[in-house]
Amino acid sequence: MSKIGRKSHVMLTAGAVVAVLITVLVAVFVTDAPPSSRVPVSPSDSPSRLVDVLHARFDPAFPGRGVTDYPGNTEEHIPKAYAMILLAEIERGRHGIESDLPDLGTSAGRWLLDNAELDAQGATGWGVPVAWDAYGDESVNPANTVYSISTGIVADALLTWMETDPDAPGQEIIATVSSALDGFAQAPKTPDGLIAYSLESPDQPYDTFNSAAYLAGQMQRFAKYADDPALAARLRSTADATVASLVRHHQISPSKSWYWRYSIQEDVTNDLAHAGYIVEGLRTYVRERGRLSPDVDLPAVVSHLRDFFDETGTPRGWPDFQTDIDRGARLYDIGMALHLSCSEPRLAPLTDKLTKVVDNYRAGESGFSRYPAGTPDEAPLVVNEYEAYLWRGLMSCRSKESTGPGLDKLRSPRPSGAAPARLPGSTVPLVRIGSGATRSGVSFDGERSSLRLPWSPARRVAEDGLILEAIDDGAGGVLITRGHPRNDLTVVTLDESGRRRGRLTIRSSPGSAPMLRAAAFHRGALHVVYYDNPSLTNYLARYRRRPGGYVRQGEPVALPTLEDPAGLTYEMIPALSLVAAKDQLHLIGGTLSATVNEDGSMTSSRVPNCLRVLEAVALPRGPVVLCLQKRELGVSAPFELHGPEGVRLPRLGGGGGVPFGLGVVDGNVRIKVADTPRGLAAMLRFDLQRANSGWLEYGTDNVEGRVAWSQIYYLNGFLDFLLLAGGDKQDWRMFSSLLEQMRARLDQELVMADRHWRSGRYETRAFTVDRSRALFAVQTSRLLLLMERYTDELRDPAGLPGHRELRAAVTRLTDHIEVLAREGQEPHWLPSGVPYLRWPQGSAFSFDGLNVPYNHQNEWAYALLRSGTNERAEATAQGIVAHFLRHVAPDGRLPHTGSWDYWWGQAYDGWTEADDVSDNKPAYDGDRIEAWISFRSIDAMSALAAAPMLDPVTRLHLRSSAASLVREGKLYPFVGYELRRAGVELDLPSAVARRHIRVSSPWELQNAAWAYSAELTRLAGKKR
């Protein structure tokens, strides 16, 4: 075995105890696993008992000292063990996990700093305490030789200590890590430009990937702390050269993931732990904005860890395609993989598989052994370093489960009000459930919903909460429901008479209910796609019908990114659909086109030049999709059809019509074109009756932050349609029925939103560091603005008992996580006495202690201006908008590029630990990202609302520049609402209107209203 293989063999023993705890947690919390598959829990295996037992394995004075997995199995101090314990203890302390146990972290960190120069050559860094022949080439490195993997892991631990603990010796850490990293940066590189495995010359001819990747990530991370610009440049260029080599030499596995061999010189893949080192190194490099980050397909890198499980779901030491090595995973493989599965959302489904095998590593009362019990030719060996890896993995997973004290203890209870009233009306407007011609409407009275089964209209079923989907499985049927007001997602099995035979709750991350995205029955299995907010990931799960109801089959599969242009935190935005033809099932959404294989895995590809898929159908040869183009090309722009080779597709002409209604007739692809008011009305009805246009989020609360960023968009869209339909320049007659249903839908949804506010379910845990619930001003302001519009613009609005309380709470920031401040910013940003919003230091937001971004406080100011609370509040709002204009548009002209900063103030400039600015982010070099178009649109609307306070010339500049940016597609069309209030005619160009007229996701409806208005105006002009 090479030195690398030997090293990974040593390091993994630490992970097993963690997995046992996770097994217990999974057994307790995962409710959609059949009872026979759950891990039995004995009293001795309680979570606290497991933590106690593993904690007791470490000497508090020298927790990284113990039996090694090096020749002789002597007792030694192992730097990697100390580093893993330090990382674990940081997580335990931050989340208050078993806080009565003695701290091991300080002694571990202190040992690492005190023993950073044990190398015989005097180099700073860390290695292993025994002599070692690295590559079996008879060149034996002395004991305590500095190795890149040990140095990378220790640097990670020390920097994390410095960044999270105000009492950490920050300057000493900076000096020590700087010296260690620079030693490798200045040392000779491998032939292909990688960081060398060690500072010993015999090791430098070997291009070893895993150790170089880990250390490259830490170099990129540390560069921002370097006072010497030359050092920072040296570290970054060294990291870049290593990543360039990794990109050049990556391999593609059968699952389409990226992987690497141990080295260019060795024809064997990395084992599980060393593959994990590459994942950790590259995700650190990307997170720290390494120059070559765009060249790294991080999802493909991360997904390689899924290759380490055999067909039974058991973890292997090497990938399943490395068929010449049939060896079980070592304990440190399990520990490293547990850490990654609990800290990397894309790997969350692996946690259960890992935890199920941990008990196989028990060595009686002695701890956890290197290999599973029964491994041929392997006597039990308990290694301190491996147990340290396990401790780290345990704490990574426990911290994921922990919610911490948060703001719940500081928040006063809000009165819940009287018993819920029935909703206005009972039929939910604009909703049809089913497929094709067999679709049914849904009734909902605020507590229970009912419908006639689309495939058997004589049978009516009712369930608590909302029936989101009804599917014919040939055996009675299956419903997918969401609770109300709670959001639990449930699979309900029906028998042939329509009676319920079973209920199965779909679970993902603990403490969070997943969101339904799509569902279909195909080849004897129910396929459900859901979004899990804590992990920011969409999953595909399969279920099989059993006598007692549906049970899950296998593990959910994490979907590749849908590549929403707003970024990876918006994976819930693009619509998803499951379409089938004969034996093939396809999952389509965003830019993703995937075939669901018979075993539940997916074969994925990307739709070329596609911003997002609007519609999809399936043929035996594959799917056909209608796309909104990323780059407008051809006469059909901005629309384009894509299909399998050999399939004849309809031509999309350039006559100005809008394609919709993609279908298959007699085996041929067909599509409609909306080019008249009647056609446009038919297209809008088509889009609104699809599940992805609001129904899947109808009535949901804001615990996961969905009201503010989904419902409020489409409810404002309904209001915009009603507003625009009052004009006399367009022919809205064909829309009259739709407009009536929009009004009825507004009444229903505003009543539910008001109820959520009064019951405290508008608080969200989606954006706090510990998932405690909090009110964010940017979200409550959006709700207030919606309620103001609804009550002001519509006749006879439904009663909203919470409206007045909401207005007062927003104005005073009652129980909000933000506070109003007038001091604390550098004068070049904000003079003393000028108002702004900030998150107090110690609050549960990641940027505690910092000013909020422009759009957050501009939205709050917008709500104050439009709700007319009092003169003092209005003056505060004007001060906030004036601050934005002073920095972005001093003379009122918004930048003609349509681009400006998201952040300002100290959040833009950055800060150091010595500044004592933030608890959750003690040091940061500032964030200078450009505001996304949705946030820029919020900024513009807020400024337009404040325009009356400006002098006439500045006011004119503001309105004309905002209108120009909307016409050019640099602000969203819905900014037209404030322009209209100011008397500015928008005159949206057809090219911009066509990009926004189709509705495939709820948030798009608000822009669509203005696009429809523009197209109706164009048609009226042609008619004249």
# chains A, B, ... in the order shown; residues from 1 in each chain; ligands from 1
>>> residues_around(residues="Ala120 of chain A", least_positions_apart="3", cutoff="12 Å", atoms="only C-alpha atoms", output="PDB file with N, CA and C atoms, in the first residue's frame")
ATOM      1  N   ALA A 116       4.297  22.764  16.639  1.00  0.00           N
ATOM      2  CA  ALA A 116       4.255  23.051  15.203  1.00  0.00           C
ATOM      3  C   ALA A 116       5.619  22.989  14.539  1.00  0.00           C
ATOM      4  N   GLU A 117       6.674  22.735  15.322  1.00  0.00           N
ATOM      5  CA  GLU A 117       8.021  22.729  14.738  1.00  0.00           C
ATOM      6  C   GLU A 117       8.798  21.508  15.190  1.00  0.00           C
ATOM      7  N   ALA A 123      11.191  22.946   9.835  1.00  0.00           N
ATOM      8  CA  ALA A 123      10.040  23.484   9.114  1.00  0.00           C
ATOM      9  C   ALA A 123       8.830  23.572  10.042  1.00  0.00           C
ATOM     10  N   THR A 124       8.000  24.571   9.806  1.00  0.00           N
ATOM     11  CA  THR A 124       6.738  24.693  10.539  1.00  0.00           C
ATOM     12  C   THR A 124       5.679  23.870   9.832  1.00  0.00           C
ATOM     13  N   GLY A 125       4.946  23.110  10.605  1.00  0.00           N
ATOM     14  CA  GLY A 125       3.901  22.274  10.034  1.00  0.00           C
ATOM     15  C   GLY A 125       3.691  21.059  10.904  1.00  0.00           C
ATOM     16  N   TRP A 126       2.921  20.104  10.389  1.00  0.00           N
ATOM     17  CA  TRP A 126       2.573  18.944  11.182  1.00  0.00           C
ATOM     18  C   TRP A 126       2.648  17.701  10.319  1.00  0.00           C
ATOM     19  N   GLY A 127       2.948  16.556  10.951  1.00  0.00           N
ATOM     20  CA  GLY A 127       3.092  15.312  10.210  1.00  0.00           C
ATOM     21  C   GLY A 127       2.650  14.129  11.036  1.00  0.00           C
ATOM     22  N   PRO A 129       4.229  10.982  13.856  1.00  0.00           N
ATOM     23  CA  PRO A 129       5.349  10.838  14.798  1.00  0.00           C
ATOM     24  C   PRO A 129       6.212   9.603  14.571  1.00  0.00           C
ATOM     25  N   ALA A 131       8.703   7.198  11.672  1.00  0.00           N
ATOM     26  CA  ALA A 131       9.388   7.165  10.377  1.00  0.00           C
ATOM     27  C   ALA A 131       8.526   6.388   9.390  1.00  0.00           C
ATOM     28  N   ASN A 141      11.026   8.612   5.374  1.00  0.00           N
ATOM     29  CA  ASN A 141      11.010   9.953   5.957  1.00  0.00           C
ATOM     30  C   ASN A 141      11.172   9.853   7.466  1.00  0.00           C
ATOM     31  N   PRO A 142      11.917  10.780   8.068  1.00  0.00           N
ATOM     32  CA  PRO A 142      12.084  10.746   9.525  1.00  0.00           C
ATOM     33  C   PRO A 142      10.769  10.980  10.252  1.00  0.00           C
ATOM     34  N   ALA A 143      10.714  10.592  11.504  1.00  0.00           N
ATOM     35  CA  ALA A 143       9.544  10.897  12.334  1.00  0.00           C
ATOM     36  C   ALA A 143       9.330  12.407  12.365  1.00  0.00           C
ATOM     37  N   ASN A 144       8.086  12.798  12.409  1.00  0.00           N
ATOM     38  CA  ASN A 144       7.665  14.206  12.476  1.00  0.00           C
ATOM     39  C   ASN A 144       7.966  14.995  11.212  1.00  0.00           C
ATOM     40  N   THR A 145       8.210  14.300  10.109  1.00  0.00           N
ATOM     41  CA  THR A 145       8.278  14.996   8.820  1.00  0.00           C
ATOM     42  C   THR A 145       6.965  15.743   8.588  1.00  0.00           C
ATOM     43  N   VAL A 146       7.068  16.957   8.059  1.00  0.00           N
ATOM     44  CA  VAL A 146       5.873  17.747   7.784  1.00  0.00           C
ATOM     45  C   VAL A 146       5.209  17.230   6.507  1.00  0.00           C
ATOM     46  N   LEU A 199       7.637  17.895   2.532  1.00  0.00           N
ATOM     47  CA  LEU A 199       8.763  18.771   2.216  1.00  0.00           C
ATOM     48  C   LEU A 199      10.047  17.984   1.964  1.00  0.00           C
ATOM     49  N   GLU A 200       9.953  16.653   1.998  1.00  0.00           N
ATOM     50  CA  GLU A 200      11.110  15.805   1.726  1.00  0.00           C
ATOM     51  C   GLU A 200      11.240  15.590   0.220  1.00  0.00           C
TER      52      GLU A 200
END
>>> closest_atom_pairs(of="segment 236-355 of chain A", to="segment 501-523 of chain A", cutoff="10 Å", atoms="only C-alpha atoms", output="JSON lines")
{"residue": "A:Pro345", "atom": "CA", "partner": "A:Ser509", "partner_atom": "CA", "distance": 9.8}
{"residue": "A:Ala348", "atom": "CA", "partner": "A:Ser509", "partner_atom": "CA", "distance": 8.4}
{"residue": "A:Pro349", "atom": "CA", "partner": "A:Ser508", "partner_atom": "CA", "distance": 8.7}
>>> write_last_selection(atoms="all heavy atoms", output="PDB file, in the first residue's frame")
ATOM      1  N   PRO A 345     -25.110  19.574   2.074  1.00  0.00           N
ATOM      2  CA  PRO A 345     -26.508  19.225   1.812  1.00  0.00           C
ATOM      3  C   PRO A 345     -26.697  18.175   0.724  1.00  0.00           C
ATOM      4  O   PRO A 345     -27.603  17.353   0.805  1.00  0.00           O
ATOM      5  CB  PRO A 345     -27.129  20.570   1.407  1.00  0.00           C
ATOM      6  CG  PRO A 345     -26.278  21.594   2.076  1.00  0.00           C
ATOM      7  CD  PRO A 345     -24.887  21.037   2.065  1.00  0.00           C
ATOM      8  N   ALA A 348     -26.671  14.585   2.165  1.00  0.00           N
ATOM      9  CA  ALA A 348     -27.503  14.243   3.315  1.00  0.00           C
ATOM     10  C   ALA A 348     -28.099  12.840   3.231  1.00  0.00           C
ATOM     11  O   ALA A 348     -28.185  12.152   4.258  1.00  0.00           O
ATOM     12  CB  ALA A 348     -28.595  15.294   3.485  1.00  0.00           C
ATOM     13  N   PRO A 349     -28.510  12.360   2.052  1.00  0.00           N
ATOM     14  CA  PRO A 349     -29.087  11.009   2.005  1.00  0.00           C
ATOM     15  C   PRO A 349     -28.115   9.898   2.399  1.00  0.00           C
ATOM     16  O   PRO A 349     -28.559   8.780   2.658  1.00  0.00           O
ATOM     17  CB  PRO A 349     -29.504  10.863   0.538  1.00  0.00           C
ATOM     18  CG  PRO A 349     -29.705  12.253   0.051  1.00  0.00           C
ATOM     19  CD  PRO A 349     -28.656  13.050   0.754  1.00  0.00           C
TER      20      PRO A 349
END
>>> select_by_dssp(residues="segment 151-366 of chain A", states="alpha helix (DSSP H)", output="NGL selection string")
:A and (151-164 or 170-186 or 209-222 or 229-249 or 272-287 or 298-303 or 331-343 or 350-355)
>>> closest_residue(among="A:Ala882, A:Ala962, A:Ala725, A:Leu775", to="Leu950 of chain A", atoms="only C-alpha atoms")
A:Ala882
>>> residues_around(residues="segment 486-493 of chain A", least_positions_apart="6", cutoff="10 Å", atoms="only C-alpha atoms", output="PyMOL selection string")
chain A and resi 32+463+465-470+473+475-480+499-507+512-516+526+528+530+543+545-551+697+699-704+761
>>> closest_residue(among="A:Gly364, A:Pro380, A:Pro191, A:Gly217", to="Leu292 of chain A", atoms="only C-alpha atoms")
A:Gly217
>>> atom_distance(atom1="atom CA of Leu786 of chain A", atom2="atom CA of Pro429 of chain A")
19.4 Å
>>> closest_residue(among="A:Ser150, A:Ser604, A:Ser990, A:Ser737", to="Gly657 of chain A", atoms="only C-alpha atoms")
A:Ser990
>>> residues_around(residues="segment 62-72 of chain A", least_positions_apart="3", cutoff="9 Å", atoms="only C-alpha atoms", output="NGL selection string")
:A and (6-7 or 9-11 or 13 or 57-59 or 75-85 or 104-105 or 107-108 or 111 or 130-132 or 370 or 381-386 or 388)
>>> write_last_selection(atoms="N, CA and C atoms", output="CSV table (one decimal), in the first residue's frame")
chain,number,residue,atom,x,y,z
A,6,ARG,N,-1.9,4.0,3.3
A,6,ARG,CA,-1.6,3.8,4.7
A,6,ARG,C,-2.1,4.9,5.5
A,7,LYS,N,-1.9,6.1,5.1
A,7,LYS,CA,-2.4,7.3,5.9
A,7,LYS,C,-3.9,7.2,6.0
A,9,HIS,N,-5.8,4.7,5.8
A,9,HIS,CA,-6.1,3.6,6.7
A,9,HIS,C,-6.0,4.0,8.2
A,10,VAL,N,-5.0,4.8,8.5
A,10,VAL,CA,-4.9,5.2,9.9
A,10,VAL,C,-6.0,6.2,10.3
A,11,MET,N,-6.3,7.1,9.4
A,11,MET,CA,-7.1,8.3,9.9
A,11,MET,C,-8.6,7.9,10.1
A,13,THR,N,-10.3,5.5,11.7
A,13,THR,CA,-10.9,4.8,12.9
A,13,THR,C,-11.7,5.8,13.7
A,57,ARG,N,-13.2,8.4,26.0
A,57,ARG,CA,-12.1,7.8,25.3
A,57,ARG,C,-10.9,8.7,25.2
A,58,PHE,N,-11.1,10.0,25.4
A,58,PHE,CA,-10.0,10.9,25.2
A,58,PHE,C,-9.4,11.5,26.5
A,59,ASP,N,-8.1,11.5,26.6
A,59,ASP,CA,-7.5,12.1,27.8
A,59,ASP,C,-7.7,13.7,27.7
A,75,GLU,N,1.8,4.0,21.1
A,75,GLU,CA,1.1,5.2,21.6
A,75,GLU,C,1.8,6.5,21.3
A,76,GLU,N,1.2,7.4,20.5
A,76,GLU,CA,1.9,8.6,20.1
A,76,GLU,C,0.9,9.8,20.1
A,77,HIS,N,1.4,11.0,20.0
A,77,HIS,CA,0.6,12.2,19.7
A,77,HIS,C,0.4,12.3,18.2
A,78,ILE,N,-0.8,12.3,17.8
A,78,ILE,CA,-1.1,12.4,16.3
A,78,ILE,C,-1.7,13.8,16.0
A,79,PRO,N,-1.0,14.6,15.3
A,79,PRO,CA,-1.6,16.0,15.0
A,79,PRO,C,-3.0,15.9,14.4
A,80,LYS,N,-3.2,15.0,13.4
A,80,LYS,CA,-4.6,14.9,12.8
A,80,LYS,C,-5.6,14.6,13.8
A,81,ALA,N,-5.3,13.8,14.8
A,81,ALA,CA,-6.3,13.5,15.9
A,81,ALA,C,-6.6,14.7,16.7
A,82,TYR,N,-5.6,15.5,17.1
A,82,TYR,CA,-5.8,16.7,17.8
A,82,TYR,C,-6.7,17.7,17.0
A,83,ALA,N,-6.4,17.7,15.7
A,83,ALA,CA,-7.1,18.7,14.8
A,83,ALA,C,-8.6,18.2,14.7
A,84,MET,N,-8.9,17.0,14.6
A,84,MET,CA,-10.3,16.5,14.5
A,84,MET,C,-11.0,16.7,15.8
A,85,ILE,N,-10.3,16.6,16.9
A,85,ILE,CA,-11.0,16.8,18.2
A,85,ILE,C,-11.3,18.3,18.3
A,104,LEU,N,-12.5,19.6,25.4
A,104,LEU,CA,-11.3,19.0,24.9
A,104,LEU,C,-10.6,19.9,23.9
A,105,GLY,N,-11.3,20.9,23.4
A,105,GLY,CA,-10.8,21.7,22.3
A,105,GLY,C,-9.6,22.6,22.7
A,107,SER,N,-7.3,22.3,24.9
A,107,SER,CA,-6.0,21.5,25.1
A,107,SER,C,-5.5,21.0,23.7
A,108,ALA,N,-6.5,20.6,22.9
A,108,ALA,CA,-6.1,20.1,21.6
A,108,ALA,C,-5.5,21.2,20.7
A,111,TRP,N,-2.0,22.1,22.1
A,111,TRP,CA,-1.0,21.2,21.7
A,111,TRP,C,-0.5,21.4,20.3
A,130,VAL,N,6.1,9.0,13.4
A,130,VAL,CA,6.9,7.8,13.2
A,130,VAL,C,7.6,7.9,11.8
A,131,ALA,N,8.7,7.2,11.7
A,131,ALA,CA,9.4,7.2,10.4
A,131,ALA,C,8.5,6.4,9.4
A,132,TRP,N,8.6,6.8,8.1
A,132,TRP,CA,7.6,6.2,7.2
A,132,TRP,C,8.1,6.3,5.7
A,370,ARG,N,-10.7,-0.6,13.9
A,370,ARG,CA,-10.3,-0.1,12.6
A,370,ARG,C,-11.2,-0.6,11.5
A,381,LEU,N,-8.4,-3.6,16.2
A,381,LEU,CA,-7.4,-2.6,16.6
A,381,LEU,C,-8.1,-1.3,16.8
A,382,VAL,N,-8.1,-0.7,18.0
A,382,VAL,CA,-8.7,0.5,18.4
A,382,VAL,C,-7.7,1.6,18.3
A,383,VAL,N,-7.9,2.6,17.4
A,383,VAL,CA,-7.0,3.6,17.1
A,383,VAL,C,-7.5,5.0,17.6
A,384,ASN,N,-6.8,5.7,18.4
A,384,ASN,CA,-7.2,7.0,18.9
A,384,ASN,C,-7.6,8.0,17.8
A,385,GLU,N,-6.7,8.0,16.7
A,385,GLU,CA,-7.0,8.9,15.6
A,385,GLU,C,-8.3,8.7,14.9
A,386,TYR,N,-8.6,7.4,14.8
A,386,TYR,CA,-9.9,7.1,14.1
A,386,TYR,C,-11.1,7.4,15.0
A,388,ALA,N,-11.1,9.9,17.0
A,388,ALA,CA,-11.1,11.4,16.9
A,388,ALA,C,-11.9,11.8,15.6
>>> closest_residue(among="A:Asp599, A:Asp754, A:Ala239, A:Trp455", to="Glu805 of chain A", atoms="only C-alpha atoms")
A:Asp754
>>> residues_around(residues="Pro948 of chain A", least_positions_apart="4", cutoff="12 Å", atoms="only C-alpha atoms", output="PyMOL selection string")
chain A and resi 865+874+878+881-882+942-944+952-956+958-959+981-982
>>> closest_atom_pairs(of="segment 886-985 of chain A", to="segment 1003-1008 of chain A", cutoff="8 Å", atoms="only C-alpha atoms", output="tab-separated table")
residue	atom	partner	partner_atom	distance
A:Tyr972	CA	A:Asn1007	CA	6.7
A:Pro973	CA	A:Asn1007	CA	5.3
A:Phe974	CA	A:Asn1007	CA	5.1
>>> select_by_dssp(residues="segment 229-420 of chain A", states="strand (DSSP E or B)", output="ChimeraX atom specification")
/A:251-252,258-259,261-263,266-269,309,315-316,328,362,368-369,382
>>> residues_around(residues="Gly193 of chain A", least_positions_apart="6", cutoff="8 Å", atoms="only C-alpha atoms", output="mmCIF file with N, CA, C and O atoms, in the first residue's frame")
data_model
loop_
_atom_site.group_PDB
_atom_site.id
_atom_site.type_symbol
_atom_site.label_atom_id
_atom_site.label_comp_id
_atom_site.auth_asym_id
_atom_site.auth_seq_id
_atom_site.Cartn_x
_atom_site.Cartn_y
_atom_site.Cartn_z
ATOM 1 N N ALA A 241 -2.667 26.620 -9.008
ATOM 2 C CA ALA A 241 -1.909 25.628 -9.782
ATOM 3 C C ALA A 241 -2.341 24.213 -9.411
ATOM 4 O O ALA A 241 -2.454 23.332 -10.280
ATOM 5 N N THR A 242 -2.598 23.986 -8.133
ATOM 6 C CA THR A 242 -3.065 22.667 -7.700
ATOM 7 C C THR A 242 -4.441 22.373 -8.269
ATOM 8 O O THR A 242 -4.710 21.280 -8.786
ATOM 9 N N SER A 245 -4.368 21.458 -11.900
ATOM 10 C CA SER A 245 -3.987 20.069 -12.128
ATOM 11 C C SER A 245 -5.144 19.124 -11.831
ATOM 12 O O SER A 245 -5.394 18.170 -12.571
#
>>> atom_distance(atom1="atom CA of Pro102 of chain A", atom2="atom CA of Ser843 of chain A")
26.2 Å
>>> closest_residue(among="A:Thr314, A:Gln218, A:Thr912, A:Ser369", to="Glu280 of chain A", atoms="only C-alpha atoms")
A:Gln218
>>> closest_residue(among="A:Arg606, A:Arg745, A:Arg398, A:His274", to="Gly93 of chain A", atoms="only C-alpha atoms")
A:Arg398
>>> atom_distance(atom1="atom CA of Phe735 of chain A", atom2="atom CA of Met683 of chain A")
10.6 Å
>>> residues_around(residues="segment 612-617 of chain A", least_positions_apart="2", cutoff="9 Å", atoms="only C-alpha atoms", output="NGL selection string")
:A and (562-564 or 574-581 or 586 or 588-592 or 607 or 610 or 619 or 622-630 or 660-664 or 669 or 998-1000)
>>> decode(residues="segment 869-882 of chain A", atoms="N, CA and C atoms", output="short mmCIF file (atom, residue, chain, number, x, y, z; two decimals), in the first residue's frame")
data_model
loop_
_atom_site.label_atom_id
_atom_site.label_comp_id
_atom_site.auth_asym_id
_atom_site.auth_seq_id
_atom_site.Cartn_x
_atom_site.Cartn_y
_atom_site.Cartn_z
N THR A 869 -48.04 55.26 8.30
CA THR A 869 -48.18 55.09 9.75
C THR A 869 -48.16 56.42 10.49
N ASN A 870 -47.03 57.15 10.41
CA ASN A 870 -46.94 58.44 11.07
C ASN A 870 -45.78 59.22 10.46
N GLU A 871 -45.69 60.50 10.76
CA GLU A 871 -44.67 61.35 10.16
C GLU A 871 -43.27 60.93 10.57
N ARG A 872 -43.12 60.49 11.81
CA ARG A 872 -41.79 60.09 12.27
C ARG A 872 -41.31 58.87 11.48
N ALA A 873 -42.20 57.88 11.30
CA ALA A 873 -41.82 56.69 10.55
C ALA A 873 -41.52 57.05 9.10
N GLU A 874 -42.30 57.97 8.54
CA GLU A 874 -42.07 58.38 7.16
C GLU A 874 -40.71 59.07 7.02
N ALA A 875 -40.35 59.88 8.00
CA ALA A 875 -39.05 60.55 7.95
C ALA A 875 -37.92 59.53 8.04
N THR A 876 -38.09 58.51 8.88
CA THR A 876 -37.09 57.45 8.97
C THR A 876 -36.94 56.74 7.63
N ALA A 877 -38.07 56.43 7.01
CA ALA A 877 -38.03 55.76 5.71
C ALA A 877 -37.35 56.62 4.66
N GLN A 878 -37.65 57.90 4.66
CA GLN A 878 -37.02 58.79 3.69
C GLN A 878 -35.51 58.86 3.91
N GLY A 879 -35.08 58.83 5.17
CA GLY A 879 -33.64 58.83 5.45
C GLY A 879 -32.95 57.59 4.91
N ILE A 880 -33.61 56.45 5.02
CA ILE A 880 -33.02 55.21 4.52
C ILE A 880 -32.92 55.22 3.00
N VAL A 881 -33.98 55.67 2.33
CA VAL A 881 -33.94 55.73 0.86
C VAL A 881 -32.93 56.77 0.39
N ALA A 882 -32.84 57.89 1.11
CA ALA A 882 -31.87 58.92 0.74
C ALA A 882 -30.45 58.38 0.83
#
